[in-house]
file run-v5.cif (mmCIF, C-alpha atoms and all ligand atoms)
data_coords
#
loop_
_atom_site.label_atom_id
_atom_site.label_comp_id
_atom_site.auth_asym_id
_atom_site.auth_seq_id
_atom_site.Cartn_x
_atom_site.Cartn_y
_atom_site.Cartn_z
CA MET A 183 8.41 7.29 1.06
CA SER A 184 5.90 4.90 -0.51
CA SER A 185 3.58 2.65 1.52
CA ALA A 186 5.62 -0.40 0.49
CA GLU A 187 8.80 1.03 2.06
CA LEU A 188 7.19 1.72 5.44
CA PRO A 189 7.21 -0.90 8.23
CA ALA A 190 4.00 -2.93 8.33
CA PRO A 191 1.56 -1.85 11.05
CA GLY A 192 2.33 -3.55 14.34
CA SER A 193 5.73 -4.76 13.18
CA THR A 194 8.06 -2.71 15.38
CA ASP A 195 8.85 -3.58 18.97
CA ARG A 196 6.93 -0.54 20.22
CA THR A 197 3.85 -1.21 18.11
CA ARG A 198 3.53 -4.98 18.47
CA VAL A 199 0.14 -5.64 20.07
CA ARG A 200 0.74 -7.91 23.04
CA ARG A 201 -2.59 -7.73 24.84
CA PHE A 202 -5.21 -9.63 22.81
CA PRO A 203 -2.81 -10.04 19.87
CA ASP A 204 -5.61 -11.70 17.86
CA ASN A 205 -7.11 -8.21 17.61
CA ALA A 206 -3.99 -6.84 15.91
CA ARG A 207 -4.20 -6.10 12.21
CA PHE A 208 -1.29 -5.57 9.84
CA ASP A 209 -2.89 -4.30 6.67
CA ARG A 210 -2.02 -0.79 5.47
CA GLU A 211 -5.26 -0.58 3.43
CA LEU A 212 -7.25 -1.21 6.60
CA LEU A 213 -5.13 1.43 8.36
CA HIS A 214 -6.04 3.95 5.66
CA SER A 215 -9.74 3.06 5.76
CA ILE A 216 -9.97 3.40 9.56
CA LEU A 217 -8.31 6.81 9.33
CA ASP A 218 -10.51 7.88 6.43
CA ASP A 219 -13.63 6.95 8.40
CA GLY A 220 -12.71 9.33 11.25
CA LEU A 221 -12.98 13.05 11.87
CA LEU A 222 -11.25 13.31 15.23
CA ALA A 223 -7.82 12.25 16.45
CA TYR A 224 -6.39 12.42 19.95
CA VAL A 225 -2.84 13.77 19.95
CA ALA A 226 -0.65 13.34 23.03
CA VAL A 227 2.12 15.73 24.00
CA THR A 228 3.89 16.58 27.24
CA ASP A 229 4.66 20.05 28.50
CA ASP A 230 8.12 21.07 29.65
CA GLU A 231 7.44 19.57 33.07
CA GLY A 232 6.61 16.20 31.55
CA GLN A 233 2.87 16.53 32.20
CA PRO A 234 1.03 14.67 29.40
CA TYR A 235 -1.91 16.31 27.62
CA ILE A 236 -4.19 14.85 24.96
CA LEU A 237 -5.51 17.23 22.34
CA PRO A 238 -8.69 16.25 20.47
CA THR A 239 -7.99 17.42 16.93
CA ALA A 240 -9.61 17.34 13.50
CA TYR A 241 -7.42 15.64 10.92
CA ALA A 242 -7.18 14.16 7.47
CA ARG A 243 -5.04 11.49 5.85
CA ASP A 244 -2.93 12.33 2.82
CA GLY A 245 -1.25 9.17 1.54
CA ASP A 246 0.88 7.92 4.41
CA ARG A 247 0.74 11.00 6.58
CA ILE A 248 -1.81 12.51 8.92
CA LEU A 249 -2.39 16.24 8.67
CA PHE A 250 -3.83 18.44 11.40
CA HIS A 251 -3.72 22.07 12.37
CA GLY A 252 -3.76 24.31 15.41
CA SER A 253 -3.01 27.78 16.66
CA THR A 254 0.44 29.32 16.88
CA GLY A 255 -0.90 30.56 20.24
CA SER A 256 -1.06 26.97 21.55
CA ARG A 257 2.06 26.08 23.53
CA LEU A 258 1.29 22.40 22.99
CA PHE A 259 0.99 22.77 19.21
CA ARG A 260 4.25 24.72 19.25
CA ARG A 261 5.91 21.84 21.08
CA LEU A 262 4.63 19.41 18.45
CA ALA A 263 5.93 21.75 15.72
CA ASP A 264 9.32 21.76 17.48
CA GLY A 265 9.49 17.96 17.14
CA GLU A 266 8.29 16.82 20.56
CA ARG A 267 7.47 13.10 20.48
CA THR A 268 3.80 12.27 20.16
CA CYS A 269 1.27 9.47 20.08
CA LEU A 270 -1.89 9.94 18.02
CA THR A 271 -4.95 7.72 18.15
CA VAL A 272 -8.10 7.45 16.08
CA THR A 273 -10.89 5.23 17.43
CA HIS A 274 -14.29 4.17 16.17
CA VAL A 275 -16.60 2.66 18.77
CA ASP A 276 -18.66 0.28 16.65
CA GLY A 277 -20.79 -1.17 19.41
CA LEU A 278 -21.32 -2.25 22.98
CA VAL A 279 -20.69 -5.90 23.67
CA LEU A 280 -23.08 -7.12 26.34
CA ALA A 281 -21.71 -10.28 27.85
CA ARG A 282 -23.29 -12.35 30.63
CA SER A 283 -20.58 -11.25 33.05
CA ALA A 284 -19.20 -7.82 33.92
CA PHE A 285 -15.70 -9.09 33.21
CA GLU A 286 -16.39 -10.02 29.58
CA SER A 287 -18.56 -6.97 28.77
CA SER A 288 -16.69 -4.74 26.35
CA MET A 289 -16.82 -2.72 23.14
CA ASN A 290 -16.36 -3.46 19.48
CA TYR A 291 -13.96 -1.01 17.92
CA ARG A 292 -11.45 -0.11 15.25
CA SER A 293 -8.46 1.68 16.65
CA VAL A 294 -5.21 3.09 15.25
CA MET A 295 -2.19 4.33 17.18
CA VAL A 296 0.65 6.29 15.57
CA LEU A 297 3.99 7.04 17.23
CA GLY A 298 6.45 9.63 15.97
CA THR A 299 7.27 13.29 15.64
CA CYS A 300 5.48 15.88 13.53
CA THR A 301 6.81 18.12 10.80
CA ALA A 302 5.53 21.69 10.57
CA LEU A 303 4.46 22.43 7.01
CA GLU A 304 5.09 25.72 5.24
CA GLY A 305 4.27 27.42 1.95
CA ASP A 306 2.44 25.45 -0.73
CA ASP A 307 2.51 22.23 1.31
CA LYS A 308 0.83 24.04 4.21
CA ALA A 309 -1.86 25.50 1.93
CA PHE A 310 -2.40 22.10 0.30
CA ALA A 311 -2.70 20.43 3.71
CA LEU A 312 -5.38 22.88 4.86
CA LYS A 313 -7.43 22.05 1.76
CA VAL A 314 -6.94 18.30 2.34
CA ILE A 315 -8.20 18.67 5.92
CA SER A 316 -11.21 20.69 4.78
CA ASP A 317 -11.98 18.28 1.94
CA HIS A 318 -11.92 15.36 4.37
CA LEU A 319 -14.14 16.95 7.00
CA LEU A 320 -16.45 18.97 4.76
CA PRO A 321 -16.17 17.74 1.16
CA GLY A 322 -17.03 20.52 -1.29
CA ARG A 323 -16.82 23.36 1.22
CA TRP A 324 -13.31 24.69 0.48
CA GLU A 325 -14.26 25.99 -2.97
CA ASP A 326 -17.22 27.94 -1.53
CA ILE A 327 -15.54 29.77 1.32
CA ARG A 328 -13.04 32.60 1.72
CA GLN A 329 -9.48 31.33 1.65
CA PRO A 330 -7.11 32.00 4.60
CA SER A 331 -5.64 35.51 4.73
CA LYS A 332 -1.91 36.06 5.36
CA LYS A 333 -2.69 36.92 8.97
CA GLU A 334 -4.79 33.77 9.44
CA ASP A 335 -2.10 31.69 7.77
CA ALA A 336 0.51 33.13 10.15
CA ALA A 337 -1.73 32.24 13.11
CA THR A 338 -1.97 28.60 12.04
CA ILE A 339 0.41 25.70 12.56
CA VAL A 340 -0.10 22.80 10.16
CA LEU A 341 1.51 19.52 11.15
CA ALA A 342 2.18 16.27 9.32
CA LEU A 343 2.75 12.97 11.11
CA THR A 344 4.00 10.15 8.91
CA LEU A 345 2.38 6.73 9.27
CA THR A 346 5.72 5.06 9.89
CA GLU A 347 5.28 3.44 13.28
CA VAL A 348 1.66 2.45 13.66
CA SER A 349 -0.54 -0.24 15.12
CA ILE A 350 -4.09 -1.31 14.41
CA LYS A 351 -6.40 -3.06 16.83
CA VAL A 352 -9.88 -4.26 15.88
CA SER A 353 -12.44 -5.88 18.11
CA ALA A 354 -15.59 -7.26 16.49
CA GLY A 355 -18.24 -9.85 17.12
CA ASP A 356 -20.20 -11.43 19.91
CA PRO A 357 -19.33 -11.51 23.60
CA ASP A 358 -16.82 -14.11 24.58
CA ASP A 359 -18.51 -15.52 27.68
CA ALA A 360 -16.83 -18.06 29.88
CA GLU A 361 -18.11 -21.60 29.49
CA GLU A 362 -19.84 -21.54 32.90
CA ASP A 363 -21.78 -18.36 31.98
CA VAL A 364 -23.19 -19.15 28.54
CA ASP A 365 -26.37 -20.80 29.87
CA ARG A 366 -27.24 -18.06 32.33
CA PRO A 367 -30.77 -16.66 31.68
CA ILE A 368 -29.47 -13.23 30.65
CA TRP A 369 -29.82 -11.42 27.31
CA ALA A 370 -26.43 -11.02 25.65
CA GLY A 371 -25.22 -9.75 22.29
CA GLN A 372 -24.15 -6.54 20.62
CA VAL A 373 -25.62 -3.05 20.43
CA PRO A 374 -24.21 -1.36 17.31
CA ILE A 375 -23.24 2.31 17.53
CA THR A 376 -23.24 4.45 14.40
CA GLU A 377 -22.32 8.06 13.69
CA SER A 378 -24.53 10.24 11.51
CA PHE A 379 -24.96 13.79 10.28
CA GLY A 380 -28.13 15.58 11.38
CA THR A 381 -30.30 17.95 9.35
CA PRO A 382 -28.39 21.18 8.54
CA ILE A 383 -29.56 24.21 10.56
CA PRO A 384 -28.77 27.60 8.95
CA ASP A 385 -27.67 30.57 11.02
CA GLU A 386 -29.71 33.79 10.82
CA LYS A 387 -28.22 35.05 7.54
CA GLY A 388 -27.56 31.58 6.13
CA ALA A 389 -31.33 31.00 6.08
CA ALA A 390 -31.53 33.30 3.03
CA PHE A 391 -29.66 30.72 0.93
CA PRO A 392 -30.48 27.18 -0.10
CA VAL A 393 -28.51 24.46 1.64
CA PRO A 394 -25.72 23.54 -0.80
CA ALA A 395 -26.10 20.16 -2.50
CA TYR A 396 -22.73 19.05 -1.11
CA VAL A 397 -23.97 19.73 2.46
CA GLN A 398 -27.21 17.84 1.83
CA GLY A 399 -25.15 14.98 0.47
CA TRP A 400 -23.04 14.55 3.60
CA THR A 401 -23.67 11.18 5.18
CA ARG A 402 -21.74 8.89 7.44
C1 LIG B 501 -13.03 1.85 22.31
C2 LIG B 501 -12.01 1.10 23.14
C3 LIG B 501 -12.30 0.77 24.45
C4 LIG B 501 -11.37 0.09 25.23
N1 LIG B 501 -11.64 -0.18 26.53
C5 LIG B 501 -10.71 -0.77 27.31
C6 LIG B 501 -10.92 -0.97 28.70
O1 LIG B 501 -11.97 -0.60 29.26
N2 LIG B 501 -9.94 -1.56 29.41
C7 LIG B 501 -8.77 -1.99 28.84
O2 LIG B 501 -7.89 -2.53 29.54
N3 LIG B 501 -8.54 -1.82 27.54
C8 LIG B 501 -9.48 -1.21 26.76
N4 LIG B 501 -9.23 -1.02 25.43
C9 LIG B 501 -8.00 -1.55 24.88
C10 LIG B 501 -6.83 -0.61 25.16
O3 LIG B 501 -6.85 0.41 24.18
C11 LIG B 501 -5.49 -1.31 25.10
O4 LIG B 501 -5.34 -1.97 23.87
C12 LIG B 501 -5.33 -2.31 26.23
O5 LIG B 501 -5.58 -1.69 27.47
C13 LIG B 501 -3.94 -2.91 26.23
O6 LIG B 501 -2.97 -1.92 26.46
P1 LIG B 501 -1.45 -2.34 26.66
O7 LIG B 501 -0.62 -1.10 26.62
O8 LIG B 501 -1.35 -3.27 27.80
O9 LIG B 501 -1.25 -3.17 25.29
P2 LIG B 501 -0.01 -3.76 24.59
O10 LIG B 501 -0.54 -4.86 23.73
O11 LIG B 501 1.09 -4.06 25.53
O12 LIG B 501 0.46 -2.55 23.66
C14 LIG B 501 1.55 -2.76 22.77
C15 LIG B 501 1.35 -1.90 21.56
O13 LIG B 501 0.12 -2.29 20.93
C16 LIG B 501 -0.45 -1.17 20.33
N5 LIG B 501 -1.81 -0.94 20.86
C17 LIG B 501 -2.25 -1.16 22.13
N6 LIG B 501 -3.55 -0.81 22.24
C18 LIG B 501 -3.93 -0.37 21.03
C19 LIG B 501 -5.14 0.14 20.53
N7 LIG B 501 -6.26 0.24 21.27
N8 LIG B 501 -5.19 0.54 19.22
C20 LIG B 501 -4.10 0.44 18.44
N9 LIG B 501 -2.92 -0.03 18.87
C21 LIG B 501 -2.84 -0.43 20.14
C22 LIG B 501 0.44 0.03 20.63
O14 LIG B 501 1.34 0.24 19.56
C23 LIG B 501 1.19 -0.42 21.86
O15 LIG B 501 2.41 0.22 22.01
C24 LIG B 501 -10.14 -0.32 24.66
C25 LIG B 501 -9.86 0.01 23.33
C26 LIG B 501 -10.77 0.73 22.59
C27 LIG B 501 -10.42 1.11 21.18
#

call {"tool": "encode", "arguments": {"input": "run-v5.cif", "output": "structure tokens"}}
result
Amino acid sequence: MSSAELPAPGSTDRTRVRRFPDNARFDRELLHSILDDGLLAYVAVTDDEGQPYILPTAYARDGDRILFHGSTGSRLFRRLADGERTCLTVTHVDGLVLARSAFESSMNYRSVMVLGTCTALEGDDKAFALKVISDHLLPGRWEDIRQPSKKEDAATIVLALTLTEVSIKVSAGDPDDAEEDVDRPIWAGQVPITESFGTPIPDEKGAAFPVPAYVQGWTR
């Protein structure tokens, strides 16, 4: 299904942002860019007693689906593969918002929530998805490393979650202090938070080789 055929973000009853609706966004390009900026998603699933769990999981976006992988040994991944309903979020904390009151102190963020059920991928689509995930997390690495063996492939579940029912919430800007607080003699404003790669550290045998150019080029 093409992007144009999918419901706009935030347009279904379940995904309409009600709390601070001014922070809702409806743009699929923005949805894609928030997802592309992230490395980590939180995937919710319940066990057979209804206990919810949230799995932090590496992911990548491929068009209008999110791809992620886990172990066939994971009961929770197996439940997702069996079509258990899920909710996946990706969040960037862009800064602390220091207001003049505790009540108005908050965070600036970009946040995406996806509702739906996953599809377990097999064959060529599964192999392709693993490369897409690697290319997103570690661009250039896939071509350098040993490819998955049959045994490793059999031990891996690869899931796709379509971006059908999604919402976007973005909070940005200065604190929104109440009128009676704005003249208080207190510093207020924003403290930006950024994510960055550190200097690569080789392991014992890796030290014999130069750091690949694609690793040196990784920035965020
Ligand atoms: C980094 C960060 C920190 C936050 N800290 C707090 C906090 O301390 N306290 C607090 O109350 N809230 C916080 N929020 C906001 C919180 O995520 C919820 O949006 C808020 O609590 C309202 O939830 P609700 O279910 O009442 O919203 P509703 O507006 O009723 O939710 C309706 C629909 O809106 C969508 N939606 C709701 N929240 C989000 C979201 N964050 N991202 C994408 N779609 C969304 C979902 O589709 C949901 O089904 C934070 C958000 C982020 C990203």

call {"tool": "residues_around", "arguments": {"input": "run-v5.cif", "residues": "Asp218 in chain A", "least_positions_apart": "3", "cutoff": "9 Å", "atoms": "all atoms listed in the file", "output": "PyMOL selection string"}}
result
chain A and resi 213-215+221+242-243+318

call {"tool": "residues_near_ligand", "arguments": {"input": "run-v5.cif", "ligand": "ligand LIG 501 (chain B)", "cutoff": "10 Å", "atoms": "all atoms listed in the file", "output": "ChimeraX atom specification"}}
result
/A:191-203,205-207,269-278,287-297,347-353

call {"tool": "atom_distance", "arguments": {"input": "run-v5.cif", "atom1": "CA of Asp204 in chain A", "atom2": "CA of Pro367 in chain A"}}
result
29.1 Å

call {"tool": "closest_residue", "arguments": {"input": "run-v5.cif", "among": "A:Ile216, A:Ala223, A:Leu188, A:Cys300", "to": "Thr268 in chain A", "atoms": "all atoms listed in the file"}}
result
A:Cys300

call {"tool": "atom_distance", "arguments": {"input": "run-v5.cif", "atom1": "CA of Leu222 in chain A", "atom2": "CA of Tyr241 in chain A"}}
result
6.2 Å

call {"tool": "closest_residue", "arguments": {"input": "run-v5.cif", "among": "A:Thr376, A:Ala389, A:Asp356, A:Pro189", "to": "Glu286 in chain A", "atoms": "all atoms listed in the file"}}
result
A:Asp356

call {"tool": "axis_aligned_box", "arguments": {"input": "run-v5.cif", "around": "range 277-293 of chain A", "padding_each_side": "6 Å", "output": "lines of an AutoDock Vina configuration file"}}
result
center_x = -15.9
center_y = -5.3
center_z = 24.6
size_x = 26.8
size_y = 26.0
size_z = 30.7

call {"tool": "build_atoms", "arguments": {"input": "run-v5.cif", "residues": "range 325-351 of chain A", "atoms": "N, CA and C atoms", "output": "PDB file, keeping the file's coordinate frame"}}
result
ATOM      1  N   GLU A 325     -14.100  25.157  -1.776  1.00  0.00           N
ATOM      2  CA  GLU A 325     -14.260  25.990  -2.970  1.00  0.00           C
ATOM      3  C   GLU A 325     -15.252  27.129  -2.730  1.00  0.00           C
ATOM      4  N   ASP A 326     -16.151  26.956  -1.759  1.00  0.00           N
ATOM      5  CA  ASP A 326     -17.220  27.940  -1.530  1.00  0.00           C
ATOM      6  C   ASP A 326     -16.804  29.065  -0.596  1.00  0.00           C
ATOM      7  N   ILE A 327     -15.792  28.846   0.206  1.00  0.00           N
ATOM      8  CA  ILE A 327     -15.540  29.770   1.320  1.00  0.00           C
ATOM      9  C   ILE A 327     -14.294  30.631   1.068  1.00  0.00           C
ATOM     10  N   ARG A 328     -14.204  31.714   1.837  1.00  0.00           N
ATOM     11  CA  ARG A 328     -13.040  32.600   1.720  1.00  0.00           C
ATOM     12  C   ARG A 328     -11.782  31.838   2.138  1.00  0.00           C
ATOM     13  N   GLN A 329     -10.732  32.021   1.362  1.00  0.00           N
ATOM     14  CA  GLN A 329      -9.480  31.330   1.650  1.00  0.00           C
ATOM     15  C   GLN A 329      -8.736  32.056   2.792  1.00  0.00           C
ATOM     16  N   PRO A 330      -7.808  31.366   3.471  1.00  0.00           N
ATOM     17  CA  PRO A 330      -7.110  32.000   4.600  1.00  0.00           C
ATOM     18  C   PRO A 330      -6.333  33.249   4.167  1.00  0.00           C
ATOM     19  N   SER A 331      -6.430  34.296   4.978  1.00  0.00           N
ATOM     20  CA  SER A 331      -5.640  35.510   4.730  1.00  0.00           C
ATOM     21  C   SER A 331      -4.202  35.259   5.218  1.00  0.00           C
ATOM     22  N   LYS A 332      -3.306  36.200   4.889  1.00  0.00           N
ATOM     23  CA  LYS A 332      -1.910  36.060   5.360  1.00  0.00           C
ATOM     24  C   LYS A 332      -1.851  36.023   6.883  1.00  0.00           C
ATOM     25  N   LYS A 333      -2.685  36.865   7.509  1.00  0.00           N
ATOM     26  CA  LYS A 333      -2.690  36.920   8.970  1.00  0.00           C
ATOM     27  C   LYS A 333      -3.187  35.590   9.562  1.00  0.00           C
ATOM     28  N   GLU A 334      -4.261  35.050   8.955  1.00  0.00           N
ATOM     29  CA  GLU A 334      -4.790  33.770   9.440  1.00  0.00           C
ATOM     30  C   GLU A 334      -3.775  32.648   9.232  1.00  0.00           C
ATOM     31  N   ASP A 335      -3.114  32.707   8.071  1.00  0.00           N
ATOM     32  CA  ASP A 335      -2.100  31.690   7.770  1.00  0.00           C
ATOM     33  C   ASP A 335      -0.978  31.741   8.821  1.00  0.00           C
ATOM     34  N   ALA A 336      -0.581  32.973   9.163  1.00  0.00           N
ATOM     35  CA  ALA A 336       0.510  33.130  10.150  1.00  0.00           C
ATOM     36  C   ALA A 336       0.082  32.660  11.537  1.00  0.00           C
ATOM     37  N   ALA A 337      -1.231  32.648  11.785  1.00  0.00           N
ATOM     38  CA  ALA A 337      -1.730  32.240  13.110  1.00  0.00           C
ATOM     39  C   ALA A 337      -1.940  30.729  13.200  1.00  0.00           C
ATOM     40  N   THR A 338      -1.645  30.029  12.112  1.00  0.00           N
ATOM     41  CA  THR A 338      -1.970  28.600  12.040  1.00  0.00           C
ATOM     42  C   THR A 338      -0.716  27.751  11.893  1.00  0.00           C
ATOM     43  N   ILE A 339      -0.639  26.723  12.718  1.00  0.00           N
ATOM     44  CA  ILE A 339       0.410  25.700  12.560  1.00  0.00           C
ATOM     45  C   ILE A 339      -0.233  24.507  11.863  1.00  0.00           C
ATOM     46  N   VAL A 340       0.401  24.014  10.816  1.00  0.00           N
ATOM     47  CA  VAL A 340      -0.100  22.800  10.160  1.00  0.00           C
ATOM     48  C   VAL A 340       0.981  21.727  10.308  1.00  0.00           C
ATOM     49  N   LEU A 341       0.562  20.590  10.831  1.00  0.00           N
ATOM     50  CA  LEU A 341       1.510  19.520  11.150  1.00  0.00           C
ATOM     51  C   LEU A 341       1.223  18.264  10.333  1.00  0.00           C
ATOM     52  N   ALA A 342       2.299  17.571   9.999  1.00  0.00           N
ATOM     53  CA  ALA A 342       2.180  16.270   9.320  1.00  0.00           C
ATOM     54  C   ALA A 342       2.858  15.220  10.196  1.00  0.00           C
ATOM     55  N   LEU A 343       2.190  14.101  10.362  1.00  0.00           N
ATOM     56  CA  LEU A 343       2.750  12.970  11.110  1.00  0.00           C
ATOM     57  C   LEU A 343       2.731  11.757  10.178  1.00  0.00           C
ATOM     58  N   THR A 344       3.913  11.264   9.871  1.00  0.00           N
ATOM     59  CA  THR A 344       4.000  10.150   8.910  1.00  0.00           C
ATOM     60  C   THR A 344       3.557   8.846   9.561  1.00  0.00           C
ATOM     61  N   LEU A 345       2.888   8.016   8.770  1.00  0.00           N
ATOM     62  CA  LEU A 345       2.380   6.730   9.270  1.00  0.00           C
ATOM     63  C   LEU A 345       3.478   5.669   9.203  1.00  0.00           C
ATOM     64  N   THR A 346       4.574   5.968   9.919  1.00  0.00           N
ATOM     65  CA  THR A 346       5.720   5.060   9.890  1.00  0.00           C
ATOM     66  C   THR A 346       5.570   3.982  10.951  1.00  0.00           C
ATOM     67  N   GLU A 347       5.348   4.403  12.175  1.00  0.00           N
ATOM     68  CA  GLU A 347       5.280   3.440  13.280  1.00  0.00           C
ATOM     69  C   GLU A 347       3.847   3.428  13.816  1.00  0.00           C
ATOM     70  N   VAL A 348       3.091   2.460  13.361  1.00  0.00           N
ATOM     71  CA  VAL A 348       1.660   2.450  13.660  1.00  0.00           C
ATOM     72  C   VAL A 348       1.222   1.067  14.120  1.00  0.00           C
ATOM     73  N   SER A 349       0.088   1.054  14.813  1.00  0.00           N
ATOM     74  CA  SER A 349      -0.540  -0.240  15.120  1.00  0.00           C
ATOM     75  C   SER A 349      -2.035  -0.112  14.906  1.00  0.00           C
ATOM     76  N   ILE A 350      -2.635  -1.251  14.635  1.00  0.00           N
ATOM     77  CA  ILE A 350      -4.090  -1.310  14.410  1.00  0.00           C
ATOM     78  C   ILE A 350      -4.634  -2.382  15.345  1.00  0.00           C
ATOM     79  N   LYS A 351      -5.730  -2.059  15.991  1.00  0.00           N
ATOM     80  CA  LYS A 351      -6.400  -3.060  16.830  1.00  0.00           C
ATOM     81  C   LYS A 351      -7.887  -3.020  16.489  1.00  0.00           C
TER      82      LYS A 351
END
